[in-house]
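Asks: Quick one, start-v6.csv (CSV, N, CA and C atoms):
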```
chain,number,residue,atom,x,y,z
O,1,SER,N,11.9,4.5,-3.0
O,1,SER,CA,11.7,3.2,-3.6
O,1,SER,C,13.0,2.5,-3.8
O,2,ALA,N,13.0,1.2,-4.2
O,2,ALA,CA,14.2,0.4,-4.3
O,2,ALA,C,15.1,1.0,-5.4
O,3,THR,N,14.5,1.5,-6.5
O,3,THR,CA,15.4,2.1,-7.5
O,3,THR,C,16.1,3.4,-7.2
O,4,SER,N,15.4,4.2,-6.4
O,4,SER,CA,16.0,5.5,-6.0
O,4,SER,C,17.1,5.3,-5.0
O,5,VAL,N,16.9,4.3,-4.1
O,5,VAL,CA,17.9,4.0,-3.1
O,5,VAL,C,19.1,3.4,-3.7
O,6,ALA,N,18.9,2.6,-4.7
O,6,ALA,CA,20.1,2.0,-5.5
O,6,ALA,C,20.8,3.1,-6.2
O,7,ALA,N,20.1,4.1,-6.7
O,7,ALA,CA,20.8,5.2,-7.4
O,7,ALA,C,21.6,6.0,-6.4
O,8,GLN,N,21.1,6.2,-5.2
O,8,GLN,CA,21.8,6.9,-4.1
O,8,GLN,C,23.1,6.2,-3.8
O,9,ILE,N,23.0,4.9,-3.6
O,9,ILE,CA,24.2,4.1,-3.2
O,9,ILE,C,25.2,4.1,-4.3
O,10,LEU,N,24.8,4.1,-5.6
O,10,LEU,CA,25.7,4.2,-6.7
O,10,LEU,C,26.2,5.6,-7.0
O,11,GLN,N,25.6,6.6,-6.3
O,11,GLN,CA,25.9,8.0,-6.5
O,11,GLN,C,25.6,8.4,-7.9
O,12,ARG,N,24.4,8.0,-8.4
O,12,ARG,CA,24.0,8.3,-9.8
O,12,ARG,C,22.5,8.8,-9.7
O,13,GLU,N,22.2,9.6,-8.7
O,13,GLU,CA,20.9,10.2,-8.5
O,13,GLU,C,20.6,11.1,-9.7
O,14,GLY,N,19.4,11.2,-10.2
O,14,GLY,CA,19.1,12.0,-11.4
O,14,GLY,C,19.3,11.3,-12.7
O,15,GLU,N,20.2,10.3,-12.7
O,15,GLU,CA,20.5,9.5,-13.9
O,15,GLU,C,19.8,8.1,-13.8
O,16,LEU,N,19.8,7.5,-12.6
O,16,LEU,CA,19.1,6.2,-12.4
O,16,LEU,C,18.1,6.3,-11.3
O,17,GLY,N,17.1,5.4,-11.4
O,17,GLY,CA,16.1,5.4,-10.3
O,17,GLY,C,15.0,6.4,-10.3
O,18,CYS,N,14.9,7.1,-11.5
O,18,CYS,CA,13.8,8.1,-11.6
O,18,CYS,C,13.3,8.2,-13.1
O,19,ILE,N,12.2,8.8,-13.3
O,19,ILE,CA,11.7,9.0,-14.6
O,19,ILE,C,11.8,10.6,-14.8
O,20,ALA,N,12.8,10.9,-15.6
O,20,ALA,CA,13.1,12.4,-15.8
O,20,ALA,C,13.9,12.5,-17.1
O,21,ALA,N,13.8,13.7,-17.7
O,21,ALA,CA,14.6,14.0,-18.9
O,21,ALA,C,16.1,13.8,-18.6
O,22,GLY,N,16.8,13.0,-19.4
O,22,GLY,CA,18.2,12.8,-19.2
O,22,GLY,C,18.5,11.5,-18.4
O,23,ALA,N,17.5,10.9,-17.8
O,23,ALA,CA,17.7,9.7,-17.0
O,23,ALA,C,17.7,8.5,-17.9
O,24,ILE,N,18.4,7.4,-17.5
O,24,ILE,CA,18.4,6.2,-18.2
O,24,ILE,C,17.1,5.4,-17.8
O,25,ALA,N,16.4,4.9,-18.8
O,25,ALA,CA,15.1,4.2,-18.4
O,25,ALA,C,14.8,3.0,-19.3
O,26,ASP,N,14.3,2.0,-18.6
O,26,ASP,CA,13.6,0.8,-19.2
O,26,ASP,C,12.2,0.8,-18.6
O,27,LEU,N,11.2,1.0,-19.4
O,27,LEU,CA,9.8,1.1,-18.8
O,27,LEU,C,8.9,0.2,-19.6
O,28,LEU,N,7.9,-0.3,-19.0
O,28,LEU,CA,6.7,-1.0,-19.6
O,28,LEU,C,5.5,-0.3,-19.0
O,29,VAL,N,4.7,0.3,-19.9
O,29,VAL,CA,3.4,0.8,-19.5
O,29,VAL,C,2.3,-0.2,-19.9
O,30,VAL,N,1.6,-0.7,-18.9
O,30,VAL,CA,0.7,-1.8,-19.1
O,30,VAL,C,-0.7,-1.3,-19.1
O,31,ASP,N,-1.6,-1.8,-20.0
O,31,ASP,CA,-3.0,-1.5,-20.0
O,31,ASP,C,-3.6,-2.5,-19.1
O,32,GLY,N,-3.7,-2.2,-17.8
O,32,GLY,CA,-4.3,-3.1,-16.8
O,32,GLY,C,-3.5,-2.9,-15.5
O,33,ASP,N,-3.8,-3.7,-14.5
O,33,ASP,CA,-3.2,-3.7,-13.2
O,33,ASP,C,-2.6,-5.1,-12.9
O,34,PRO,N,-1.2,-5.2,-13.2
O,34,PRO,CA,-0.6,-6.5,-13.0
O,34,PRO,C,-0.6,-7.0,-11.5
O,35,LEU,N,-0.8,-6.1,-10.6
O,35,LEU,CA,-0.8,-6.5,-9.2
O,35,LEU,C,-2.1,-7.2,-8.8
O,36,SER,N,-3.2,-6.9,-9.5
O,36,SER,CA,-4.4,-7.5,-9.2
O,36,SER,C,-4.8,-8.6,-10.3
O,37,ASP,N,-4.2,-8.5,-11.5
O,37,ASP,CA,-4.4,-9.5,-12.5
O,37,ASP,C,-3.2,-9.7,-13.4
O,38,ILE,N,-2.3,-10.6,-13.1
O,38,ILE,CA,-1.1,-10.8,-13.8
O,38,ILE,C,-1.3,-11.2,-15.2
O,39,SER,N,-2.4,-11.6,-15.6
O,39,SER,CA,-2.7,-12.1,-17.0
O,39,SER,C,-2.5,-10.9,-18.0
O,40,CYS,N,-2.5,-9.7,-17.6
O,40,CYS,CA,-2.2,-8.6,-18.5
O,40,CYS,C,-0.8,-8.5,-19.0
O,41,LEU,N,0.1,-9.4,-18.4
O,41,LEU,CA,1.5,-9.4,-18.8
O,41,LEU,C,1.8,-10.7,-19.7
O,42,VAL,N,0.7,-11.4,-20.0
O,42,VAL,CA,0.9,-12.7,-20.8
O,42,VAL,C,0.6,-12.4,-22.3
O,43,GLY,N,1.1,-13.2,-23.2
O,43,GLY,CA,0.8,-13.1,-24.6
O,43,GLY,C,2.0,-12.5,-25.3
O,44,GLN,N,1.6,-11.8,-26.4
O,44,GLN,CA,2.6,-11.2,-27.3
O,44,GLN,C,2.7,-9.7,-27.2
O,45,GLY,N,2.4,-9.2,-26.0
O,45,GLY,CA,2.5,-7.8,-25.8
O,45,GLY,C,1.3,-6.9,-26.1
O,46,GLU,N,0.2,-7.6,-26.3
O,46,GLU,CA,-1.1,-6.9,-26.6
O,46,GLU,C,-1.4,-5.8,-25.6
O,47,GLN,N,-1.2,-6.1,-24.3
O,47,GLN,CA,-1.5,-5.2,-23.2
O,47,GLN,C,-0.5,-4.2,-22.9
O,48,LEU,N,0.6,-4.2,-23.7
O,48,LEU,CA,1.7,-3.2,-23.4
O,48,LEU,C,1.4,-2.0,-24.2
O,49,ALA,N,1.1,-0.9,-23.6
O,49,ALA,CA,0.8,0.4,-24.2
O,49,ALA,C,2.1,1.1,-24.7
O,50,MET,N,3.2,0.9,-23.9
O,50,MET,CA,4.4,1.6,-24.2
O,50,MET,C,5.6,0.7,-23.8
O,51,ILE,N,6.6,0.7,-24.6
O,51,ILE,CA,7.9,0.0,-24.3
O,51,ILE,C,9.0,0.9,-24.5
O,52,VAL,N,9.8,1.2,-23.4
O,52,VAL,CA,11.0,2.1,-23.5
O,52,VAL,C,12.2,1.2,-23.0
O,53,GLN,N,13.2,1.1,-23.8
O,53,GLN,CA,14.4,0.4,-23.4
O,53,GLN,C,15.6,1.3,-23.7
O,54,GLY,N,16.4,1.5,-22.6
O,54,GLY,CA,17.6,2.3,-22.8
O,54,GLY,C,17.3,3.7,-23.2
O,55,GLY,N,16.1,4.2,-22.9
O,55,GLY,CA,15.7,5.5,-23.3
O,55,GLY,C,15.1,5.6,-24.7
O,56,HIS,N,15.1,4.5,-25.4
O,56,HIS,CA,14.5,4.5,-26.8
O,56,HIS,C,13.1,3.9,-26.7
O,57,VAL,N,12.1,4.6,-27.3
O,57,VAL,CA,10.7,4.2,-27.4
O,57,VAL,C,10.6,3.1,-28.5
O,58,HIS,N,10.2,1.9,-28.1
O,58,HIS,CA,10.0,0.9,-29.1
O,58,HIS,C,8.6,0.7,-29.5
O,59,LYS,N,7.7,1.1,-28.6
O,59,LYS,CA,6.2,1.0,-28.9
O,59,LYS,C,5.5,2.1,-28.1
O,60,ASN,N,4.6,2.7,-28.7
O,60,ASN,CA,3.8,3.8,-28.0
O,60,ASN,C,2.4,3.9,-28.6
O,61,THR,N,1.4,3.3,-27.9
O,61,THR,CA,0.1,3.5,-28.4
O,61,THR,C,-0.7,4.5,-27.5
O,62,LEU,N,0.0,5.3,-26.8
O,62,LEU,CA,-0.7,6.2,-25.9
O,62,LEU,C,-1.0,7.5,-26.6
O,63,ALA,N,-0.4,7.8,-27.7
O,63,ALA,CA,-0.6,9.1,-28.4
O,63,ALA,C,-2.0,9.3,-28.9
```
Could I get this file's structure written as structure tokens?
Replies:
Amino acid sequence: SATSVAAQILQREGELGCIAAGAIADLLVVDGDPLSDISCLVGQGEQLAMIVQGGHVHKNTLA
């Protein structure tokens, strides 16, 4: 993927471009499929099930 190739170029594999313990991550977990319906990304974050920024969880409704 684009992120793992970038990590290889920067020689930071295992730290960037992956989802793993010890890796740096910014993630949005969406309740829906934004590729088929972009409207799940609109609003005030109602459709966001999880927000992770810099490895810190800011929202998690998956538990």
Asks: List every residue of chain O that DSSP, applied to the backbone of this structure, places in strand (DSSP E), and write the result as a list of chain:residue names.
Replies: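 Secondary structure check on chain O, strand (DSSP E): O:Leu27, O:Leu28, O:Val29, O:Val30, O:Leu48, O:Ala49, O:Met50, O:Ile51, O:Val52, O:Gln53, O:His56, O:Val57, O:His58, O:Lys59, O:Asn60.
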Asks: Would you compute the distance between CA of Ser4 in chain O and atom C of Pro34 in chain O? Give it in Å to one decimal.
Replies: 21.5 Å
Asks: With only C-alpha atoms as the atoms that count, which of O:Val30, O:His56, O:Thr61, O:Ala2 lies nearest to Cys18 in chain O?
Replies: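 Under the stated criterion, the closest residue is O:Ala2.
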Asks: Which residue out of O:Ala49, O:Thr3, O:Glu15, O:Gly55 has the minimum interatomic distance to Gly32 in chain O when all atoms listed in the file are used?
Replies: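 Of the candidates, the smallest distance to Gly32 in chain O is held by O:Ala49.
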Asks: Using only C-alpha atoms, pick whichever of O:Val42, O:Asn60, O:Gln47, O:Val52 has the shortest atom-to-atom distance to Ile19 in chain O.
Replies: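 Under the stated criterion, the closest residue is O:Val52.
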Asks: So the first atom is atom N of Leu48 in chain O and the second is atom C of Leu16 in chain O; what is the distance between them in Å, to one decimal place?
Replies: 23.9 Å
Asks: Go ahead and compute the interatomic distance for atom C of Gly54 in chain O and CA of Ile24 in chain O, in Å to one decimal.
Replies: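 Going from atom C of Gly54 in chain O over to CA of Ile24 in chain O, I get 5.7 Å.
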